[in-house]
file model03.cif (mmCIF, C-alpha atoms)
data_final
#
loop_
_atom_site.group_PDB
_atom_site.id
_atom_site.type_symbol
_atom_site.label_atom_id
_atom_site.label_comp_id
_atom_site.auth_asym_id
_atom_site.auth_seq_id
_atom_site.Cartn_x
_atom_site.Cartn_y
_atom_site.Cartn_z
ATOM 1 C CA MET A 295 112.874 62.198 71.209
ATOM 2 C CA ALA A 296 109.513 61.706 69.512
ATOM 3 C CA THR A 297 106.563 63.714 70.813
ATOM 4 C CA TYR A 298 102.861 62.888 70.633
ATOM 5 C CA THR A 299 102.502 65.556 67.937
ATOM 6 C CA ASN A 300 105.280 63.932 65.891
ATOM 7 C CA ILE A 301 103.629 60.521 66.153
ATOM 8 C CA GLN A 302 99.946 61.419 65.731
ATOM 9 C CA GLY A 303 100.212 64.732 63.880
ATOM 10 C CA GLN A 304 98.018 66.588 66.380
ATOM 11 C CA ASN A 305 98.310 68.317 69.752
ATOM 12 C CA ILE A 306 96.809 67.227 73.065
ATOM 13 C CA LEU A 307 93.847 69.572 73.538
ATOM 14 C CA ILE A 308 92.696 71.129 76.825
ATOM 15 C CA VAL A 309 88.900 71.310 76.761
ATOM 16 C CA SER A 310 85.988 71.603 79.190
ATOM 17 C CA SER A 311 83.932 68.947 77.394
ATOM 18 C CA ASP A 312 84.769 65.952 75.210
ATOM 19 C CA PRO A 313 84.968 66.688 71.429
ATOM 20 C CA ALA A 314 81.763 65.877 69.549
ATOM 21 C CA ASN A 315 83.506 64.182 66.625
ATOM 22 C CA PRO A 316 86.976 63.022 67.661
ATOM 23 C CA THR A 317 89.328 61.173 65.317
ATOM 24 C CA ILE A 318 91.171 57.907 65.994
ATOM 25 C CA GLY A 319 94.301 58.622 68.039
ATOM 26 C CA GLN A 320 93.126 62.022 69.276
ATOM 27 C CA ILE A 321 93.892 62.774 72.957
ATOM 28 C CA TRP A 322 92.567 65.605 75.131
ATOM 29 C CA TYR A 323 92.468 66.730 78.753
ATOM 30 C CA ASN A 324 88.957 67.359 80.079
ATOM 31 C CA THR A 325 89.154 70.112 82.743
ATOM 32 C CA THR A 326 85.609 69.401 83.967
ATOM 33 C CA SER A 327 86.269 65.746 84.808
ATOM 34 C CA ASN A 328 90.000 66.307 85.395
ATOM 35 C CA ALA A 329 90.776 63.349 83.148
ATOM 36 C CA LEU A 330 93.072 62.600 80.238
ATOM 37 C CA LYS A 331 90.996 60.994 77.505
ATOM 38 C CA GLY A 332 91.386 59.703 73.985
ATOM 39 C CA TYR A 333 89.447 58.242 71.081
ATOM 40 C CA ALA A 334 90.600 54.724 70.256
ATOM 41 C CA ASP A 335 89.822 51.774 68.047
ATOM 42 C CA VAL A 336 88.803 49.175 70.639
ATOM 43 C CA GLY A 337 87.519 45.634 70.460
ATOM 44 C CA ALA A 338 87.643 42.225 72.100
ATOM 45 C CA TRP A 339 87.435 38.525 71.297
ATOM 46 C CA ALA A 340 84.783 36.223 72.773
ATOM 47 C CA THR A 341 84.318 32.463 72.619
ATOM 48 C CA GLY A 342 82.095 31.094 69.844
ATOM 49 C CA GLY A 343 80.851 27.602 69.073
ATOM 50 C CA ASN A 344 83.471 24.886 68.596
ATOM 51 C CA VAL A 345 84.109 23.498 65.117
ATOM 52 C CA ILE A 346 83.131 19.865 64.524
ATOM 53 C CA THR A 347 86.519 18.766 63.226
ATOM 54 C CA ALA A 348 89.666 20.653 64.219
ATOM 55 C CA GLN A 349 91.917 21.680 61.332
ATOM 56 C CA TYR A 350 94.903 23.835 60.522
ATOM 57 C CA GLY A 351 95.924 25.150 57.111
ATOM 58 C CA GLN A 352 92.271 25.562 56.116
ATOM 59 C CA ALA A 353 90.490 28.428 54.347
ATOM 60 C CA ALA A 354 87.410 30.407 55.331
ATOM 61 C CA ALA A 355 84.838 32.679 53.709
ATOM 62 C CA GLY A 356 81.762 34.651 54.699
ATOM 63 C CA THR A 357 80.784 36.586 57.797
ATOM 64 C CA GLN A 358 80.813 36.101 61.555
ATOM 65 C CA THR A 359 77.213 34.799 61.517
ATOM 66 C CA SER A 360 77.328 33.012 58.162
ATOM 67 C CA ALA A 361 80.770 31.490 57.664
ATOM 68 C CA LEU A 362 82.306 28.578 55.789
ATOM 69 C CA MET A 363 85.520 26.733 56.723
ATOM 70 C CA PHE A 364 86.973 24.215 54.286
ATOM 71 C CA GLY A 365 90.046 22.090 53.637
ATOM 72 C CA GLY A 366 92.879 21.653 56.102
ATOM 73 C CA SER A 367 95.836 19.534 57.090
ATOM 74 C CA GLN A 368 94.047 16.657 58.802
ATOM 75 C CA ALA A 369 94.036 13.974 56.050
ATOM 76 C CA PRO A 370 94.183 16.545 54.076
ATOM 77 C CA THR A 371 90.473 16.997 54.396
ATOM 78 C CA THR A 372 87.687 17.509 51.896
ATOM 79 C CA VAL A 373 85.302 18.518 54.686
ATOM 80 C CA SER A 374 83.430 21.834 54.781
ATOM 81 C CA GLN A 375 81.854 23.242 57.925
ATOM 82 C CA GLU A 376 79.217 25.992 58.091
ATOM 83 C CA TYR A 377 78.712 28.449 60.967
ATOM 84 C CA ASP A 378 75.504 30.346 61.814
ATOM 85 C CA GLY A 379 76.989 32.490 64.569
ATOM 86 C CA THR A 380 76.396 29.820 67.205
ATOM 87 C CA THR A 381 76.874 26.311 65.832
ATOM 88 C CA TRP A 382 78.981 24.585 63.180
ATOM 89 C CA THR A 383 77.361 21.993 60.906
ATOM 90 C CA THR A 384 78.775 19.800 58.144
ATOM 91 C CA GLY A 385 78.631 21.224 54.614
ATOM 92 C CA GLY A 386 79.402 19.818 51.172
ATOM 93 C CA THR A 387 82.488 17.743 50.424
ATOM 94 C CA MET A 388 85.270 19.168 48.254
ATOM 95 C CA ALA A 389 86.494 17.146 45.292
ATOM 96 C CA THR A 390 90.108 17.316 46.473
ATOM 97 C CA GLY A 391 91.342 17.419 50.055
ATOM 98 C CA ARG A 392 94.127 19.956 50.552
ATOM 99 C CA GLU A 393 95.843 22.241 53.015
ATOM 100 C CA ASP A 394 97.258 25.777 52.919
ATOM 101 C CA LEU A 395 94.658 26.808 50.355
ATOM 102 C CA ALA A 396 92.965 30.200 49.994
ATOM 103 C CA GLY A 397 89.327 31.226 50.053
ATOM 104 C CA ALA A 398 87.005 34.026 49.011
ATOM 105 C CA GLY A 399 83.301 34.827 48.828
ATOM 106 C CA THR A 400 80.421 33.928 51.131
ATOM 107 C CA GLN A 401 79.006 30.832 52.818
ATOM 108 C CA THR A 402 76.627 30.175 49.907
ATOM 109 C CA SER A 403 78.904 31.416 47.122
ATOM 110 C CA ALA A 404 82.485 30.547 48.048
ATOM 111 C CA LEU A 405 85.702 29.964 46.154
ATOM 112 C CA GLY A 406 88.544 27.660 47.236
ATOM 113 C CA PHE A 407 91.831 27.658 45.317
ATOM 114 C CA GLY A 408 95.447 26.533 45.431
ATOM 115 C CA GLY A 409 96.945 24.513 48.258
ATOM 116 C CA SER A 410 100.027 22.476 49.040
ATOM 117 C CA THR A 411 98.414 19.172 48.032
ATOM 118 C CA SER A 412 98.347 18.127 44.354
ATOM 119 C CA PRO A 413 96.654 19.274 42.115
ATOM 120 C CA PHE A 414 98.060 22.620 43.255
ATOM 121 C CA LYS A 415 96.229 24.773 40.687
ATOM 122 C CA GLN A 416 92.716 23.499 41.336
ATOM 123 C CA THR A 417 89.809 25.881 41.979
ATOM 124 C CA GLU A 418 86.430 24.820 43.354
ATOM 125 C CA GLU A 419 83.171 26.774 43.687
ATOM 126 C CA TYR A 420 80.595 26.267 46.454
ATOM 127 C CA ASN A 421 76.879 27.056 46.133
ATOM 128 C CA GLY A 422 75.910 26.451 49.756
ATOM 129 C CA THR A 423 75.379 22.745 49.178
ATOM 130 C CA SER A 424 78.020 21.285 46.880
ATOM 131 C CA TRP A 425 81.422 22.021 45.327
ATOM 132 C CA THR A 426 82.049 22.045 41.568
ATOM 133 C CA ALA A 427 85.192 22.586 39.503
ATOM 134 C CA GLY A 428 86.219 26.097 38.487
ATOM 135 C CA GLY A 429 89.064 27.326 36.314
ATOM 136 C CA ASN A 430 92.582 26.339 37.355
ATOM 137 C CA LEU A 431 95.128 28.843 38.592
ATOM 138 C CA ALA A 432 97.779 29.595 35.984
ATOM 139 C CA ASN A 433 100.746 29.421 38.373
ATOM 140 C CA GLY A 434 99.773 27.180 41.256
ATOM 141 C CA VAL A 435 102.892 25.399 42.495
ATOM 142 C CA GLY A 436 102.233 25.104 46.225
ATOM 143 C CA GLY A 437 100.294 26.411 49.201
ATOM 144 C CA GLY A 438 100.721 29.542 51.221
ATOM 145 C CA LEU A 439 98.802 31.879 48.930
ATOM 146 C CA THR A 440 96.024 34.200 50.050
ATOM 147 C CA GLY A 441 92.844 35.485 48.492
ATOM 148 C CA CYS A 442 89.919 37.856 48.795
ATOM 149 C CA GLY A 443 86.918 39.114 46.846
ATOM 150 C CA THR A 444 83.893 37.166 45.664
ATOM 151 C CA GLN A 445 83.313 33.880 43.865
ATOM 152 C CA THR A 446 83.116 35.623 40.482
ATOM 153 C CA VAL A 447 85.568 38.499 41.095
ATOM 154 C CA ALA A 448 88.417 37.099 43.180
ATOM 155 C CA LEU A 449 92.083 37.816 43.785
ATOM 156 C CA ALA A 450 94.938 35.406 44.578
ATOM 157 C CA THR A 451 98.468 36.449 45.517
ATOM 158 C CA GLY A 452 101.658 35.173 47.137
ATOM 159 C CA GLN A 453 102.625 31.513 47.293
ATOM 160 C CA SER A 454 105.049 29.048 48.862
ATOM 161 C CA PRO A 455 108.005 29.018 48.933
ATOM 162 C CA THR A 456 107.743 32.741 48.020
ATOM 163 C CA SER A 457 106.039 34.408 45.096
ATOM 164 C CA ALA A 458 105.056 37.891 43.981
ATOM 165 C CA LEU A 459 102.538 36.619 41.430
ATOM 166 C CA THR A 460 98.942 37.829 41.469
ATOM 167 C CA GLU A 461 96.007 36.321 39.587
ATOM 168 C CA GLU A 462 92.448 37.561 39.032
ATOM 169 C CA TYR A 463 89.362 35.354 38.663
ATOM 170 C CA ASN A 464 86.278 36.284 36.627
ATOM 171 C CA GLY A 465 84.100 33.342 37.616
ATOM 172 C CA THR A 466 85.501 31.154 34.850
ATOM 173 C CA SER A 467 89.242 31.617 34.486
ATOM 174 C CA TRP A 468 92.310 33.146 36.137
ATOM 175 C CA THR A 469 94.457 35.797 34.437
ATOM 176 C CA ALA A 470 97.673 37.521 35.478
ATOM 177 C CA GLY A 471 97.494 40.662 37.638
ATOM 178 C CA GLY A 472 100.187 42.995 38.916
ATOM 179 C CA ASN A 473 103.026 41.507 40.961
ATOM 180 C CA LEU A 474 103.546 42.185 44.657
ATOM 181 C CA ALA A 475 106.517 44.438 45.389
ATOM 182 C CA THR A 476 107.720 41.914 48.003
ATOM 183 C CA ALA A 477 107.490 38.209 47.188
ATOM 184 C CA ARG A 478 106.177 36.197 50.130
ATOM 185 C CA ALA A 479 104.078 33.272 51.287
ATOM 186 C CA PHE A 480 101.581 32.552 54.075
ATOM 187 C CA LEU A 481 100.259 36.127 54.090
ATOM 188 C CA ALA A 482 96.693 37.377 54.617
ATOM 189 C CA ALA A 483 94.410 39.570 52.539
ATOM 190 C CA ALA A 484 91.267 41.681 52.801
ATOM 191 C CA GLY A 485 89.038 43.562 50.394
ATOM 192 C CA THR A 486 88.044 43.109 46.766
ATOM 193 C CA GLN A 487 89.766 42.354 43.472
ATOM 194 C CA THR A 488 90.170 46.048 42.686
ATOM 195 C CA LEU A 489 90.634 47.362 46.225
ATOM 196 C CA ALA A 490 92.647 44.848 48.228
ATOM 197 C CA ALA A 491 95.226 44.774 51.008
ATOM 198 C CA ALA A 492 97.796 41.991 51.498
ATOM 199 C CA PHE A 493 99.747 41.901 54.755
ATOM 200 C CA GLY A 494 102.219 39.876 56.779
ATOM 201 C CA GLY A 495 103.693 36.631 55.503
ATOM 202 C CA GLN A 496 107.110 35.069 55.173
ATOM 203 C CA THR A 497 110.023 36.241 53.039
ATOM 204 C CA PRO A 498 113.326 34.414 52.377
ATOM 205 C CA PRO A 499 115.138 32.998 54.258
ATOM 206 C CA GLY A 500 112.210 32.412 56.617
ATOM 207 C CA THR A 501 111.742 35.940 57.911
ATOM 208 C CA GLY A 502 108.386 37.237 59.122
ATOM 209 C CA SER A 503 107.071 40.319 57.323
ATOM 210 C CA THR A 504 105.289 43.434 58.590
ATOM 211 C CA ALA A 505 104.672 44.694 55.043
ATOM 212 C CA THR A 506 101.263 45.766 53.792
ATOM 213 C CA GLU A 507 100.582 46.316 50.110
ATOM 214 C CA GLU A 508 97.459 47.777 48.519
ATOM 215 C CA TYR A 509 96.039 46.738 45.146
ATOM 216 C CA ASP A 510 93.967 48.924 42.812
ATOM 217 C CA GLY A 511 93.141 46.248 40.247
ATOM 218 C CA THR A 512 96.368 46.858 38.333
ATOM 219 C CA SER A 513 99.342 47.365 40.640
ATOM 220 C CA TRP A 514 100.442 47.034 44.262
ATOM 221 C CA THR A 515 101.732 49.975 46.328
ATOM 222 C CA ALA A 516 103.168 50.127 49.835
ATOM 223 C CA GLY A 517 100.815 50.633 52.794
ATOM 224 C CA GLY A 518 101.440 50.940 56.528
ATOM 225 C CA ASN A 519 103.415 48.224 58.296
ATOM 226 C CA LEU A 520 101.969 45.798 60.831
ATOM 227 C CA SER A 521 103.284 46.142 64.370
ATOM 228 C CA VAL A 522 103.956 42.395 64.645
ATOM 229 C CA ALA A 523 105.774 40.518 61.864
ATOM 230 C CA ARG A 524 104.144 37.109 61.325
ATOM 231 C CA ARG A 525 103.078 34.486 58.843
ATOM 232 C CA GLN A 526 100.050 32.139 58.670
ATOM 233 C CA LEU A 527 97.786 34.845 60.116
ATOM 234 C CA GLY A 528 94.100 35.499 59.606
ATOM 235 C CA GLY A 529 92.643 38.449 57.715
ATOM 236 C CA ALA A 530 89.207 40.023 57.348
ATOM 237 C CA GLY A 531 87.473 43.173 56.170
ATOM 238 C CA LEU A 532 88.262 45.718 53.471
ATOM 239 C CA GLN A 533 91.358 47.526 52.216
ATOM 240 C CA THR A 534 90.502 50.592 54.295
ATOM 241 C CA ALA A 535 88.991 48.662 57.227
ATOM 242 C CA ALA A 536 90.986 45.457 57.669
ATOM 243 C CA LEU A 537 91.648 43.144 60.595
ATOM 244 C CA ALA A 538 94.802 41.033 61.099
ATOM 245 C CA PHE A 539 94.942 38.379 63.837
ATOM 246 C CA GLY A 540 96.933 35.411 65.041
ATOM 247 C CA GLY A 541 99.882 33.902 63.191
ATOM 248 C CA LEU A 542 103.391 32.595 63.759
ATOM 249 C CA VAL A 543 106.183 34.942 64.817
ATOM 250 C CA LEU A 544 109.593 33.822 63.571
ATOM 251 C CA SER A 545 113.101 33.929 65.108
ATOM 252 C CA PRO A 546 112.328 32.646 67.699
ATOM 253 C CA GLU A 547 109.104 30.908 66.704
ATOM 254 C CA PHE A 548 105.951 31.341 68.774
ATOM 255 C CA ASN A 549 102.251 31.651 68.097
ATOM 256 C CA THR A 550 100.671 35.044 68.633
ATOM 257 C CA GLY A 551 97.152 36.224 69.329
ATOM 258 C CA SER A 552 98.056 39.775 68.313
ATOM 259 C CA THR A 553 95.168 41.634 66.677
ATOM 260 C CA GLU A 554 95.523 44.811 64.635
ATOM 261 C CA SER A 555 93.085 46.987 62.672
ATOM 262 C CA TYR A 556 93.914 48.942 59.505
ATOM 263 C CA ASP A 557 92.329 52.190 58.308
ATOM 264 C CA GLY A 558 93.998 52.234 54.898
ATOM 265 C CA SER A 559 97.083 53.940 56.275
ATOM 266 C CA THR A 560 97.979 52.788 59.787
ATOM 267 C CA TRP A 561 97.664 49.599 61.839
ATOM 268 C CA THR A 562 96.379 49.939 65.435
ATOM 269 C CA THR A 563 96.958 47.266 68.093
ATOM 270 C CA LEU A 564 93.786 45.865 69.684
ATOM 271 C CA SER A 565 93.045 43.211 72.313
ATOM 272 C CA SER A 566 94.705 39.878 71.597
ATOM 273 C CA MET A 567 92.908 36.632 70.848
ATOM 274 C CA ILE A 568 92.008 34.330 73.741
ATOM 275 C CA THR A 569 94.036 31.478 72.203
ATOM 276 C CA ALA A 570 97.177 32.326 70.226
ATOM 277 C CA ARG A 571 97.273 30.267 67.044
ATOM 278 C CA ARG A 572 98.447 30.074 63.432
ATOM 279 C CA GLN A 573 97.086 28.503 60.211
ATOM 280 C CA LEU A 574 93.563 29.441 61.269
ATOM 281 C CA GLY A 575 90.448 30.140 59.245
ATOM 282 C CA GLY A 576 89.716 33.874 59.250
ATOM 283 C CA CYS A 577 86.843 35.848 57.726
ATOM 284 C CA GLY A 578 84.258 38.544 58.464
ATOM 285 C CA THR A 579 84.715 42.283 58.838
ATOM 286 C CA GLN A 580 86.936 44.624 60.824
ATOM 287 C CA THR A 581 84.284 45.032 63.526
ATOM 288 C CA ALA A 582 82.857 41.487 63.340
ATOM 289 C CA GLY A 583 85.693 39.072 62.655
ATOM 290 C CA LEU A 584 85.811 35.298 63.000
ATOM 291 C CA ALA A 585 88.755 33.011 63.835
ATOM 292 C CA ALA A 586 88.119 29.282 63.503
ATOM 293 C CA SER A 587 90.257 26.317 64.562
ATOM 294 C CA GLY A 588 93.975 26.434 63.625
ATOM 295 C CA ASN A 589 97.229 25.337 65.248
ATOM 296 C CA PRO A 590 97.843 26.510 68.848
ATOM 297 C CA SER A 591 100.914 24.327 69.344
ATOM 298 C CA ALA A 592 104.292 25.929 69.959
ATOM 299 C CA GLY A 593 105.742 23.351 67.590
ATOM 300 C CA GLY A 594 104.378 20.589 65.385
ATOM 301 C CA GLY A 595 100.861 20.001 64.173
ATOM 302 C CA GLY A 596 98.481 20.635 67.039
ATOM 303 C CA THR A 597 94.862 21.629 66.476
ATOM 304 C CA THR A 598 92.070 23.337 68.371
ATOM 305 C CA THR A 599 88.306 23.255 67.890
ATOM 306 C CA ALA A 600 88.013 26.755 69.367
ATOM 307 C CA THR A 601 86.182 29.526 67.524
ATOM 308 C CA GLU A 602 86.539 33.166 68.523
ATOM 309 C CA GLU A 603 84.379 36.130 67.528
ATOM 310 C CA PHE A 604 85.749 39.672 67.421
ATOM 311 C CA THR A 605 83.570 42.694 68.145
ATOM 312 C CA GLY A 606 85.173 46.056 67.443
ATOM 313 C CA GLY A 607 84.334 49.731 67.308
ATOM 314 C CA ASN A 608 85.529 53.185 68.282
ATOM 315 C CA ALA A 609 85.100 54.608 71.766
ATOM 316 C CA THR A 610 86.294 57.357 74.114
ATOM 317 C CA VAL A 611 88.631 55.967 76.761
ATOM 318 C CA THR A 612 89.952 57.494 79.974
ATOM 319 C CA PHE A 613 93.643 57.056 80.747
ATOM 320 C CA THR A 614 94.652 56.150 84.286
ATOM 321 C CA THR A 615 97.968 55.565 86.031
ATOM 322 C CA SER A 616 97.124 51.976 86.967
#
call {"tool": "encode", "arguments": {"input": "model03.cif", "output": "structure tokens"}}
result
Amino acid sequence: MATYTNIQGQNILIVSSDPANPTIGQIWYNTTSNALKGYADVGAWATGGNVITAQYGQAAAGTQTSALMFGGSQAPTTVSQEYDGTTWTTGGTMATGREDLAGAGTQTSALGFGGSTSPFKQTEEYNGTSWTAGGNLANGVGGGLTGCGTQTVALATGQSPTSALTEEYNGTSWTAGGNLATARAFLAAAGTQTLAAAFGGQTPPGTGSTATEEYDGTSWTAGGNLSVARRQLGGAGLQTAALAFGGLVLSPEFNTGSTESYDGSTWTTLSSMITARRQLGGCGTQTAGLAASGNPSAGGGGTTTATEEFTGGNATVTFTTS
């Protein structure tokens, strides 16, 4: 039988006052307050402003208060929408409407690439007003890839039906990077071109993945597994401070609002999203994430205009029997 020490690598302390600098996962008994306490990664989702046009299979870039959502399955669309932390407004029009594409960068310096609508390899760059053509992906054959980084130093990996290929963008052209250890599609990513994390996704023959892999600019290595296996999830943050949320759980299929945070080693379960959904637009940071639109339907192509904002942080919590 596993003990708390086996799981967390530390004992439950008995102290008269709370530790000054506790670590995540640490638990102690405070004899002064007669309470069992712990230090946890906590957070919650709140409702944000609705998007103008509901989409699923779109990409997103930027922060919680300065975000960009673009592309999607409805049409497929060329529409971009910009968020200021309160309201969405219409942005510049993409040259090619597509779904299941990937994104990177910021609201005023974004990158959109790939997708399941021809031309599959196309890359476009956004300057806050308009989209222009960038260098084509070398291996674009379908949607379901993910990306992270900036407009001029970006990373693309995974692809439908399943792929281990990775490509790196220098602001002009894509070149081959190191392959994923596990080929998959519809995964999420966080971080930079030289310090990235890729997590979740779908592996043959349609199995959800809990795998996390970490990239150092040359090769991928195994990281800690997600608690919930899923594809078409959202990702945000950095390699050592990532956020995973939403997605589709397979066998049997259902949408999830599950939210987890990553410290570069271990995923921790946090409060779930208000509306479970997949194929959403995700961006921001681990403590200030954004989830926009997506598909909340248990089956088929439903959409929602709902936006949710995640606020996270560490706090001391008191355990009760209720």
call {"tool": "closest_atom_pairs", "arguments": {"input": "model03.cif", "of": "range 397-512 of chain A", "to": "range 370-382 of chain A", "cutoff": "10 Å", "atoms": "all atoms listed in the file", "output": "Markdown table"}}
result
| residue | atom | partner | partner_atom | distance |
| --- | --- | --- | --- | --- |
| A:Gln401 | CA | A:Glu376 | CA | 7.2 |
| A:Thr402 | CA | A:Glu376 | CA | 9.5 |
| A:Ser410 | CA | A:Pro370 | CA | 9.7 |
| A:Thr411 | CA | A:Pro370 | CA | 7.8 |
| A:Tyr420 | CA | A:Ser374 | CA | 9.9 |
| A:Gly422 | CA | A:Glu376 | CA | 9.0 |
| A:Thr423 | CA | A:Ser374 | CA | 9.9 |
| A:Ser424 | CA | A:Ser374 | CA | 9.6 |
| A:Trp425 | CA | A:Ser374 | CA | 9.7 |
call {"tool": "closest_residue", "arguments": {"input": "model03.cif", "among": "A:Thr534, A:Thr597, A:Thr469, A:Thr569", "to": "Gly518 in chain A", "atoms": "only C-alpha atoms"}}
result
A:Thr534
call {"tool": "closest_residue", "arguments": {"input": "model03.cif", "among": "A:Ser555, A:Ser565, A:Thr444, A:Ser587", "to": "Ala348 in chain A", "atoms": "all atoms listed in the file"}}
result
A:Ser587
call {"tool": "residues_near_point", "arguments": {"input": "model03.cif", "point": "(91.1, 60.7, 77.2)", "cutoff": "6 Å", "atoms": "all atoms listed in the file", "output": "PDB file with C-alpha atoms, in the frame of the given file"}}
result
ATOM      1  CA  ILE A 321      93.892  62.774  72.957  1.00  0.00           C
ATOM      2  CA  TRP A 322      92.567  65.605  75.131  1.00  0.00           C
ATOM      3  CA  LEU A 330      93.072  62.600  80.238  1.00  0.00           C
ATOM      4  CA  LYS A 331      90.996  60.994  77.505  1.00  0.00           C
ATOM      5  CA  GLY A 332      91.386  59.703  73.985  1.00  0.00           C
ATOM      6  CA  VAL A 611      88.631  55.967  76.761  1.00  0.00           C
ATOM      7  CA  THR A 612      89.952  57.494  79.974  1.00  0.00           C
ATOM      8  CA  PHE A 613      93.643  57.056  80.747  1.00  0.00           C
TER       9      PHE A 613
END
call {"tool": "residues_near_point", "arguments": {"input": "model03.cif", "point": "(104.8, 45.9, 53.4)", "cutoff": "6 Å", "atoms": "only C-alpha atoms", "output": "number ranges by chain"}}
result
A: 504-507, 516, 519
call {"tool": "resolve_selection", "arguments": {"input": "model03.cif", "expression": "the PyMOL selection byres ((chain A and resi 324-326) around 9)", "output": "VMD selection string"}}
result
chain A and resid 307 to 312 322 to 323 327 to 331
call {"tool": "residues_around", "arguments": {"input": "model03.cif", "residues": "Pro590 in chain A", "least_positions_apart": "6", "cutoff": "8 Å", "atoms": "all atoms listed in the file", "output": "list of chain:residue names"}}
result
A:Asn549, A:Thr569, A:Ala570, A:Arg571, A:Arg572, A:Gly596, A:Thr597, A:Thr598
call {"tool": "atom_distance", "arguments": {"input": "model03.cif", "atom1": "CA of Thr357 in chain A", "atom2": "CA of Ser467 in chain A"}}
result
25.3 Å
call {"tool": "resolve_selection", "arguments": {"input": "model03.cif", "expression": "the PyMOL selection byres ((chain A and resi 580) around 12)", "output": "mmCIF file with C-alpha atoms, keeping the file's coordinate frame"}}
result
data_model
loop_
_atom_site.group_PDB
_atom_site.id
_atom_site.type_symbol
_atom_site.label_atom_id
_atom_site.label_comp_id
_atom_site.auth_asym_id
_atom_site.auth_seq_id
_atom_site.Cartn_x
_atom_site.Cartn_y
_atom_site.Cartn_z
ATOM 1 C CA ASP A 335 89.822 51.774 68.047
ATOM 2 C CA VAL A 336 88.803 49.175 70.639
ATOM 3 C CA GLY A 337 87.519 45.634 70.460
ATOM 4 C CA ALA A 338 87.643 42.225 72.100
ATOM 5 C CA THR A 357 80.784 36.586 57.797
ATOM 6 C CA GLN A 358 80.813 36.101 61.555
ATOM 7 C CA ALA A 484 91.267 41.681 52.801
ATOM 8 C CA GLY A 485 89.038 43.562 50.394
ATOM 9 C CA GLY A 528 94.100 35.499 59.606
ATOM 10 C CA GLY A 529 92.643 38.449 57.715
ATOM 11 C CA ALA A 530 89.207 40.023 57.348
ATOM 12 C CA GLY A 531 87.473 43.173 56.170
ATOM 13 C CA LEU A 532 88.262 45.718 53.471
ATOM 14 C CA GLN A 533 91.358 47.526 52.216
ATOM 15 C CA THR A 534 90.502 50.592 54.295
ATOM 16 C CA ALA A 535 88.991 48.662 57.227
ATOM 17 C CA ALA A 536 90.986 45.457 57.669
ATOM 18 C CA LEU A 537 91.648 43.144 60.595
ATOM 19 C CA ALA A 538 94.802 41.033 61.099
ATOM 20 C CA PHE A 539 94.942 38.379 63.837
ATOM 21 C CA THR A 553 95.168 41.634 66.677
ATOM 22 C CA GLU A 554 95.523 44.811 64.635
ATOM 23 C CA SER A 555 93.085 46.987 62.672
ATOM 24 C CA TYR A 556 93.914 48.942 59.505
ATOM 25 C CA ASP A 557 92.329 52.190 58.308
ATOM 26 C CA GLY A 558 93.998 52.234 54.898
ATOM 27 C CA TRP A 561 97.664 49.599 61.839
ATOM 28 C CA THR A 562 96.379 49.939 65.435
ATOM 29 C CA LEU A 564 93.786 45.865 69.684
ATOM 30 C CA GLY A 576 89.716 33.874 59.250
ATOM 31 C CA CYS A 577 86.843 35.848 57.726
ATOM 32 C CA GLY A 578 84.258 38.544 58.464
ATOM 33 C CA THR A 579 84.715 42.283 58.838
ATOM 34 C CA THR A 581 84.284 45.032 63.526
ATOM 35 C CA ALA A 582 82.857 41.487 63.340
ATOM 36 C CA GLY A 583 85.693 39.072 62.655
ATOM 37 C CA LEU A 584 85.811 35.298 63.000
ATOM 38 C CA GLU A 603 84.379 36.130 67.528
ATOM 39 C CA PHE A 604 85.749 39.672 67.421
ATOM 40 C CA THR A 605 83.570 42.694 68.145
ATOM 41 C CA GLY A 606 85.173 46.056 67.443
ATOM 42 C CA GLY A 607 84.334 49.731 67.308
ATOM 43 C CA ASN A 608 85.529 53.185 68.282
#
call {"tool": "closest_residue", "arguments": {"input": "model03.cif", "among": "A:Pro413, A:Trp468, A:Glu462, A:Leu544", "to": "Ala432 in chain A", "atoms": "only C-alpha atoms"}}
result
A:Trp468
call {"tool": "resolve_selection", "arguments": {"input": "model03.cif", "expression": "the PyMOL selection byres ((chain A and resi 488) around 10)", "output": "list in words"}}
result
Gly443, Val447, Ala448, Leu449, Glu462, Gly485, Thr486, Gln487, Leu489, Ala490, Ala491, Glu508, Tyr509, Asp510, Gly511, Thr512, Ser513 and Gln533 of chain A
call {"tool": "closest_residue", "arguments": {"input": "model03.cif", "among": "A:Ala609, A:Ala369, A:Trp514, A:Gln453", "to": "Pro316 in chain A", "atoms": "only C-alpha atoms"}}
result
A:Ala609
call {"tool": "closest_residue", "arguments": {"input": "model03.cif", "among": "A:Cys442, A:Asn473, A:Gly465, A:Thr614", "to": "Thr515 in chain A", "atoms": "all atoms listed in the file"}}
result
A:Asn473
call {"tool": "atom_distance", "arguments": {"input": "model03.cif", "atom1": "CA of Ile318 in chain A", "atom2": "CA of Leu520 in chain A"}}
result
17.0 Å
call {"tool": "atom_distance", "arguments": {"input": "model03.cif", "atom1": "CA of Leu395 in chain A", "atom2": "CA of Gly408 in chain A"}}
result
5.0 Å
call {"tool": "axis_aligned_box", "arguments": {"input": "model03.cif", "around": "range 386-396 of chain A", "padding_each_side": "5 Å", "output": "AutoDock Vina command-line options"}}
result
--center_x 88.3 --center_y 23.7 --center_z 49.2 --size_x 27.9 --size_y 23.1 --size_z 17.7
call {"tool": "residues_around", "arguments": {"input": "model03.cif", "residues": "Gln352 in chain A", "least_positions_apart": "6", "cutoff": "9 Å", "atoms": "all atoms listed in the file", "output": "ChimeraX atom specification"}}
result
/A:363-367,371,392-397,573-575,587-588
